[in-house]
$ cat final-v4.pdb   # PDB, C-alpha atoms, pLDDT in the B column
ATOM      1  CA  MET A   1       0.000   0.000   0.000  1.00 60.00           C
ATOM      2  CA  SER A   2       2.781   2.438   0.837  1.00 65.00           C
ATOM      3  CA  VAL A   3       4.391   1.835  -2.577  1.00 72.00           C
ATOM      4  CA  PHE A   4       1.120   2.824  -4.247  1.00 73.00           C
ATOM      5  CA  ILE A   5       0.846   5.958  -2.111  1.00 70.00           C
ATOM      6  CA  ILE A   6       4.439   7.000  -2.755  1.00 69.00           C
ATOM      7  CA  ARG A   7       4.096   6.516  -6.510  1.00 76.00           C
ATOM      8  CA  PHE A   8       0.764   8.243  -6.987  1.00 80.00           C
ATOM      9  CA  LEU A   9       0.664  10.779  -4.150  1.00 76.00           C
ATOM     10  CA  PRO A  10       2.116  13.692  -6.174  1.00 76.00           C
ATOM     11  CA  VAL A  11      -0.592  13.259  -8.803  1.00 81.00           C
ATOM     12  CA  ILE A  12      -3.359  12.787  -6.239  1.00 82.00           C
ATOM     13  CA  VAL A  13      -2.317  15.855  -4.221  1.00 80.00           C
ATOM     14  CA  PHE A  14      -2.069  17.971  -7.363  1.00 81.00           C
ATOM     15  CA  ILE A  15      -5.531  16.926  -8.561  1.00 85.00           C
ATOM     16  CA  ILE A  16      -7.046  17.608  -5.128  1.00 86.00           C
ATOM     17  CA  LEU A  17      -5.472  21.089  -5.077  1.00 83.00           C
ATOM     18  CA  ILE A  18      -6.865  21.891  -8.521  1.00 83.00           C
ATOM     19  CA  LEU A  19     -10.339  20.646  -7.575  1.00 86.00           C
ATOM     20  CA  ILE A  20     -10.373  22.703  -4.365  1.00 86.00           C
ATOM     21  CA  TRP A  21      -9.222  25.791  -6.274  1.00 83.00           C
ATOM     22  CA  TYR A  22     -11.860  25.230  -8.972  1.00 82.00           C
ATOM     23  CA  LEU A  23     -14.667  24.839  -6.426  1.00 83.00           C
ATOM     24  CA  LEU A  24     -13.611  27.970  -4.514  1.00 83.00           C
ATOM     25  CA  ILE A  25     -13.261  30.112  -7.660  1.00 82.00           C
ATOM     26  CA  ARG A  26     -16.545  28.885  -9.098  1.00 78.00           C
ATOM     27  CA  LYS A  27     -18.434  30.005  -5.977  1.00 77.00           C
ATOM     28  CA  ARG A  28     -16.729  33.423  -5.790  1.00 75.00           C
ATOM     29  CA  SER A  29     -17.155  34.749  -9.319  1.00 71.00           C
ATOM     30  CA  ASP A  30     -18.667  34.040 -12.694  1.00 68.00           C
ATOM     31  CA  THR A  31     -15.583  34.984 -14.692  1.00 68.00           C
ATOM     32  CA  PRO A  32     -12.932  32.267 -15.021  1.00 67.00           C
ATOM     33  CA  LYS A  33      -9.487  33.084 -13.689  1.00 72.00           C
ATOM     34  CA  ARG A  34      -6.085  31.677 -14.422  1.00 77.00           C
ATOM     35  CA  ALA A  35      -4.900  28.964 -12.052  1.00 76.00           C
ATOM     36  CA  PRO A  36      -1.847  29.723  -9.883  1.00 82.00           C
ATOM     37  CA  TRP A  37       0.167  26.759 -11.201  1.00 81.00           C
ATOM     38  CA  PHE A  38       3.403  27.698  -9.458  1.00 84.00           C
ATOM     39  CA  ILE A  39       1.699  27.762  -6.052  1.00 82.00           C
ATOM     40  CA  PHE A  40      -0.017  24.431  -6.785  1.00 82.00           C
ATOM     41  CA  ILE A  41       3.315  22.829  -7.634  1.00 82.00           C
ATOM     42  CA  ILE A  42       5.041  24.200  -4.515  1.00 85.00           C
ATOM     43  CA  ILE A  43       2.204  23.042  -2.225  1.00 83.00           C
ATOM     44  CA  ALA A  44       2.177  19.583  -3.854  1.00 81.00           C
ATOM     45  CA  ILE A  45       5.961  19.227  -3.373  1.00 84.00           C
ATOM     46  CA  ILE A  46       5.713  20.261   0.289  1.00 87.00           C
ATOM     47  CA  ILE A  47       2.855  17.832   1.026  1.00 82.00           C
ATOM     48  CA  PHE A  48       4.685  15.041  -0.798  1.00 81.00           C
ATOM     49  CA  GLY A  49       7.833  15.722   1.244  1.00 83.00           C
ATOM     50  CA  PHE A  50       5.920  15.626   4.527  1.00 85.00           C
ATOM     51  CA  THR A  51       4.335  12.325   3.500  1.00 79.00           C
ATOM     52  CA  LEU A  52       7.695  10.776   2.649  1.00 78.00           C
ATOM     53  CA  VAL A  53       9.057  11.862   6.037  1.00 82.00           C
ATOM     54  CA  LEU A  54       5.965  10.401   7.714  1.00 80.00           C
ATOM     55  CA  PHE A  55       6.463   7.036   5.996  1.00 76.00           C
ATOM     56  CA  ARG A  56      10.167   7.083   6.839  1.00 76.00           C
ATOM     57  CA  PHE A  57       9.853   7.664  10.574  1.00 78.00           C
ATOM     58  CA  ILE A  58       6.550   5.946  11.372  1.00 76.00           C
ATOM     59  CA  GLN A  59       6.601   2.196  10.845  1.00 66.00           C
ATOM     60  CA  PHE A  60       3.338   0.568   9.883  1.00 67.00           C
ATOM     61  CA  GLY A  61       2.809  -3.132  10.396  1.00 67.00           C
ATOM     62  CA  GLU A  62       5.037  -5.457  12.339  1.00 68.00           C
ATOM     63  CA  ALA A  63       7.873  -4.455  14.602  1.00 72.00           C
ATOM     64  CA  PRO A  64      11.394  -5.004  13.239  1.00 74.00           C
ATOM     65  CA  GLY A  65      13.307  -8.109  14.251  1.00 81.00           C
ATOM     66  CA  GLY A  66      12.896 -11.854  14.022  1.00 86.00           C
ATOM     67  CA  GLN A  67      14.569 -14.783  12.289  1.00 91.00           C
ATOM     68  CA  TYR A  68      14.446 -14.800   8.473  1.00 91.00           C
ATOM     69  CA  ILE A  69      13.770 -18.221   6.965  1.00 92.00           C
ATOM     70  CA  PRO A  70      14.810 -18.272   3.273  1.00 94.00           C
ATOM     71  CA  PRO A  71      12.684 -19.948   0.593  1.00 95.00           C
ATOM     72  CA  LYS A  72      13.282 -23.648   0.062  1.00 94.00           C
ATOM     73  CA  ALA A  73      12.232 -26.334  -2.370  1.00 94.00           C
ATOM     74  CA  THR A  74      10.017 -29.089  -0.986  1.00 92.00           C
ATOM     75  CA  GLU A  75       8.230 -32.027  -2.576  1.00 92.00           C
ATOM     76  CA  SER A  76       5.011 -30.038  -2.845  1.00 91.00           C
ATOM     77  CA  GLY A  77       6.682 -26.979  -4.404  1.00 93.00           C
ATOM     78  CA  ILE A  78       8.600 -23.909  -3.330  1.00 95.00           C
ATOM     79  CA  GLU A  79       7.988 -22.727   0.220  1.00 93.00           C
ATOM     80  CA  PRO A  80       8.313 -18.925   0.272  1.00 94.00           C
ATOM     81  CA  GLY A  81      10.643 -17.135   2.639  1.00 92.00           C
ATOM     82  CA  HIS A  82       9.238 -15.626   5.808  1.00 89.00           C
ATOM     83  CA  VAL A  83      10.182 -14.090   9.145  1.00 88.00           C
ATOM     84  CA  GLU A  84       9.574 -16.048  12.328  1.00 88.00           C
ATOM     85  CA  ARG A  85       8.962 -13.965  15.405  1.00 82.00           C
TER      86      ARG A  85
END
$ encode --input "final-v4.pdb" --output "structure tokens"
Amino acid sequence: MSVFIIRFLPVIVFIILILIWYLLIRKRSDTPKRAPWFIFIIIAIIIFGFTLVLFRFIQFGEAPGGQYIPPKATESGIEPGHVER
């Protein structure tokens, strides 16, 4: 899941920013205005950076440690590697 978020977060954040801007501008005036693309890009980069830092320092899932058991071939097929805790 985190790989998906890291790959697609810049696009998702950028689209959300554009949608929020569009909804706010549409309610304020009838005349269309130019989008502040530079500000959108800066905000998207900052949010993406904060998310990467969040994923780096907060561990989701199991705690680190344990004994790694490598994959091995058995009569019934290949037994995948796993970590025993």
$ atom_distance --input "final-v4.pdb" --atom1 "atom CA of Ile69 of chain A" --atom2 "atom CA of Gly81 of chain A"
5.4 Å
$ atom_distance --input "final-v4.pdb" --atom1 "atom CA of Leu54 of chain A" --atom2 "atom CA of Ile5 of chain A"
11.9 Å
$ atom_distance --input "final-v4.pdb" --atom1 "atom CA of Val53 of chain A" --atom2 "atom CA of Val83 of chain A"
26.2 Å
$ resolve_selection --input "final-v4.pdb" --expression "the PyMOL selection byres ((chain A and resi 52) around 12)" --output "list in words"
Ser2, Val3, Ile5, Ile6, Arg7, Leu9, Pro10, Ile45, Ile46, Ile47, Phe48, Gly49, Phe50, Thr51, Val53, Leu54, Phe55, Arg56, Phe57, Ile58 and Gln59 of chain A
$ write_last_selection --input "final-v4.pdb" --atoms "C-alpha atoms" --output "PDB file, in the frame of the given file"
ATOM      1  CA  SER A   2       2.781   2.438   0.837  1.00 65.00           C
ATOM      2  CA  VAL A   3       4.391   1.835  -2.577  1.00 72.00           C
ATOM      3  CA  ILE A   5       0.846   5.958  -2.111  1.00 70.00           C
ATOM      4  CA  ILE A   6       4.439   7.000  -2.755  1.00 69.00           C
ATOM      5  CA  ARG A   7       4.096   6.516  -6.510  1.00 76.00           C
ATOM      6  CA  LEU A   9       0.664  10.779  -4.150  1.00 76.00           C
ATOM      7  CA  PRO A  10       2.116  13.692  -6.174  1.00 76.00           C
ATOM      8  CA  ILE A  45       5.961  19.227  -3.373  1.00 84.00           C
ATOM      9  CA  ILE A  46       5.713  20.261   0.289  1.00 87.00           C
ATOM     10  CA  ILE A  47       2.855  17.832   1.026  1.00 82.00           C
ATOM     11  CA  PHE A  48       4.685  15.041  -0.798  1.00 81.00           C
ATOM     12  CA  GLY A  49       7.833  15.722   1.244  1.00 83.00           C
ATOM     13  CA  PHE A  50       5.920  15.626   4.527  1.00 85.00           C
ATOM     14  CA  THR A  51       4.335  12.325   3.500  1.00 79.00           C
ATOM     15  CA  VAL A  53       9.057  11.862   6.037  1.00 82.00           C
ATOM     16  CA  LEU A  54       5.965  10.401   7.714  1.00 80.00           C
ATOM     17  CA  PHE A  55       6.463   7.036   5.996  1.00 76.00           C
ATOM     18  CA  ARG A  56      10.167   7.083   6.839  1.00 76.00           C
ATOM     19  CA  PHE A  57       9.853   7.664  10.574  1.00 78.00           C
ATOM     20  CA  ILE A  58       6.550   5.946  11.372  1.00 76.00           C
ATOM     21  CA  GLN A  59       6.601   2.196  10.845  1.00 66.00           C
TER      22      GLN A  59
END
$ closest_residue --input "final-v4.pdb" --among "A:Glu84, A:Ala44, A:Trp37, A:Ser76" --to "Ala63 of chain A" --atoms "only C-alpha atoms"
A:Glu84
$ resolve_selection --input "final-v4.pdb" --expression "the PyMOL selection byres ((chain A and resi 21) around 12)" --output "ChimeraX atom specification"
/A:14-20,22-28,32-37,39-40
$ residues_near_point --input "final-v4.pdb" --point "(14.4, -11.8, 11.2)" --cutoff "9 Å" --atoms "all atoms listed in the file" --output "list of chain:residue names"
A:Pro64, A:Gly65, A:Gly66, A:Gln67, A:Tyr68, A:Ile69, A:His82, A:Val83, A:Glu84, A:Arg85
$ decode --input "final-v4.pdb" --residues "chain A" --atoms "C-alpha atoms" --output "mmCIF file, in the first residue's frame"
data_model
loop_
_atom_site.group_PDB
_atom_site.id
_atom_site.type_symbol
_atom_site.label_atom_id
_atom_site.label_comp_id
_atom_site.auth_asym_id
_atom_site.auth_seq_id
_atom_site.Cartn_x
_atom_site.Cartn_y
_atom_site.Cartn_z
ATOM 1 C CA MET A 1 0.000 0.000 0.000
ATOM 2 C CA SER A 2 2.781 2.438 0.837
ATOM 3 C CA VAL A 3 4.391 1.835 -2.577
ATOM 4 C CA PHE A 4 1.120 2.824 -4.247
ATOM 5 C CA ILE A 5 0.846 5.958 -2.111
ATOM 6 C CA ILE A 6 4.439 7.000 -2.755
ATOM 7 C CA ARG A 7 4.096 6.516 -6.510
ATOM 8 C CA PHE A 8 0.764 8.243 -6.987
ATOM 9 C CA LEU A 9 0.664 10.779 -4.150
ATOM 10 C CA PRO A 10 2.116 13.692 -6.174
ATOM 11 C CA VAL A 11 -0.592 13.259 -8.803
ATOM 12 C CA ILE A 12 -3.359 12.787 -6.239
ATOM 13 C CA VAL A 13 -2.317 15.855 -4.221
ATOM 14 C CA PHE A 14 -2.069 17.971 -7.363
ATOM 15 C CA ILE A 15 -5.531 16.926 -8.561
ATOM 16 C CA ILE A 16 -7.046 17.608 -5.128
ATOM 17 C CA LEU A 17 -5.472 21.089 -5.077
ATOM 18 C CA ILE A 18 -6.865 21.891 -8.521
ATOM 19 C CA LEU A 19 -10.339 20.646 -7.575
ATOM 20 C CA ILE A 20 -10.373 22.703 -4.365
ATOM 21 C CA TRP A 21 -9.222 25.791 -6.274
ATOM 22 C CA TYR A 22 -11.860 25.230 -8.972
ATOM 23 C CA LEU A 23 -14.667 24.839 -6.426
ATOM 24 C CA LEU A 24 -13.611 27.970 -4.514
ATOM 25 C CA ILE A 25 -13.261 30.112 -7.660
ATOM 26 C CA ARG A 26 -16.545 28.885 -9.098
ATOM 27 C CA LYS A 27 -18.434 30.005 -5.977
ATOM 28 C CA ARG A 28 -16.729 33.423 -5.790
ATOM 29 C CA SER A 29 -17.155 34.749 -9.319
ATOM 30 C CA ASP A 30 -18.667 34.040 -12.694
ATOM 31 C CA THR A 31 -15.583 34.984 -14.692
ATOM 32 C CA PRO A 32 -12.932 32.267 -15.021
ATOM 33 C CA LYS A 33 -9.487 33.084 -13.689
ATOM 34 C CA ARG A 34 -6.085 31.677 -14.422
ATOM 35 C CA ALA A 35 -4.900 28.964 -12.052
ATOM 36 C CA PRO A 36 -1.847 29.723 -9.883
ATOM 37 C CA TRP A 37 0.167 26.759 -11.201
ATOM 38 C CA PHE A 38 3.403 27.698 -9.458
ATOM 39 C CA ILE A 39 1.699 27.762 -6.052
ATOM 40 C CA PHE A 40 -0.017 24.431 -6.785
ATOM 41 C CA ILE A 41 3.315 22.829 -7.634
ATOM 42 C CA ILE A 42 5.041 24.200 -4.515
ATOM 43 C CA ILE A 43 2.204 23.042 -2.225
ATOM 44 C CA ALA A 44 2.177 19.583 -3.854
ATOM 45 C CA ILE A 45 5.961 19.227 -3.373
ATOM 46 C CA ILE A 46 5.713 20.261 0.289
ATOM 47 C CA ILE A 47 2.855 17.832 1.026
ATOM 48 C CA PHE A 48 4.685 15.041 -0.798
ATOM 49 C CA GLY A 49 7.833 15.722 1.244
ATOM 50 C CA PHE A 50 5.920 15.626 4.527
ATOM 51 C CA THR A 51 4.335 12.325 3.500
ATOM 52 C CA LEU A 52 7.695 10.776 2.649
ATOM 53 C CA VAL A 53 9.057 11.862 6.037
ATOM 54 C CA LEU A 54 5.965 10.401 7.714
ATOM 55 C CA PHE A 55 6.463 7.036 5.996
ATOM 56 C CA ARG A 56 10.167 7.083 6.839
ATOM 57 C CA PHE A 57 9.853 7.664 10.574
ATOM 58 C CA ILE A 58 6.550 5.946 11.372
ATOM 59 C CA GLN A 59 6.601 2.196 10.845
ATOM 60 C CA PHE A 60 3.338 0.568 9.883
ATOM 61 C CA GLY A 61 2.809 -3.132 10.396
ATOM 62 C CA GLU A 62 5.037 -5.457 12.339
ATOM 63 C CA ALA A 63 7.873 -4.455 14.602
ATOM 64 C CA PRO A 64 11.394 -5.004 13.239
ATOM 65 C CA GLY A 65 13.307 -8.109 14.251
ATOM 66 C CA GLY A 66 12.896 -11.854 14.022
ATOM 67 C CA GLN A 67 14.569 -14.783 12.289
ATOM 68 C CA TYR A 68 14.446 -14.800 8.473
ATOM 69 C CA ILE A 69 13.770 -18.221 6.965
ATOM 70 C CA PRO A 70 14.810 -18.272 3.273
ATOM 71 C CA PRO A 71 12.684 -19.948 0.593
ATOM 72 C CA LYS A 72 13.282 -23.648 0.062
ATOM 73 C CA ALA A 73 12.232 -26.334 -2.370
ATOM 74 C CA THR A 74 10.017 -29.089 -0.986
ATOM 75 C CA GLU A 75 8.230 -32.027 -2.576
ATOM 76 C CA SER A 76 5.011 -30.038 -2.845
ATOM 77 C CA GLY A 77 6.682 -26.979 -4.404
ATOM 78 C CA ILE A 78 8.600 -23.909 -3.330
ATOM 79 C CA GLU A 79 7.988 -22.727 0.220
ATOM 80 C CA PRO A 80 8.313 -18.925 0.272
ATOM 81 C CA GLY A 81 10.643 -17.135 2.639
ATOM 82 C CA HIS A 82 9.238 -15.626 5.808
ATOM 83 C CA VAL A 83 10.182 -14.090 9.145
ATOM 84 C CA GLU A 84 9.574 -16.048 12.328
ATOM 85 C CA ARG A 85 8.962 -13.965 15.405
#
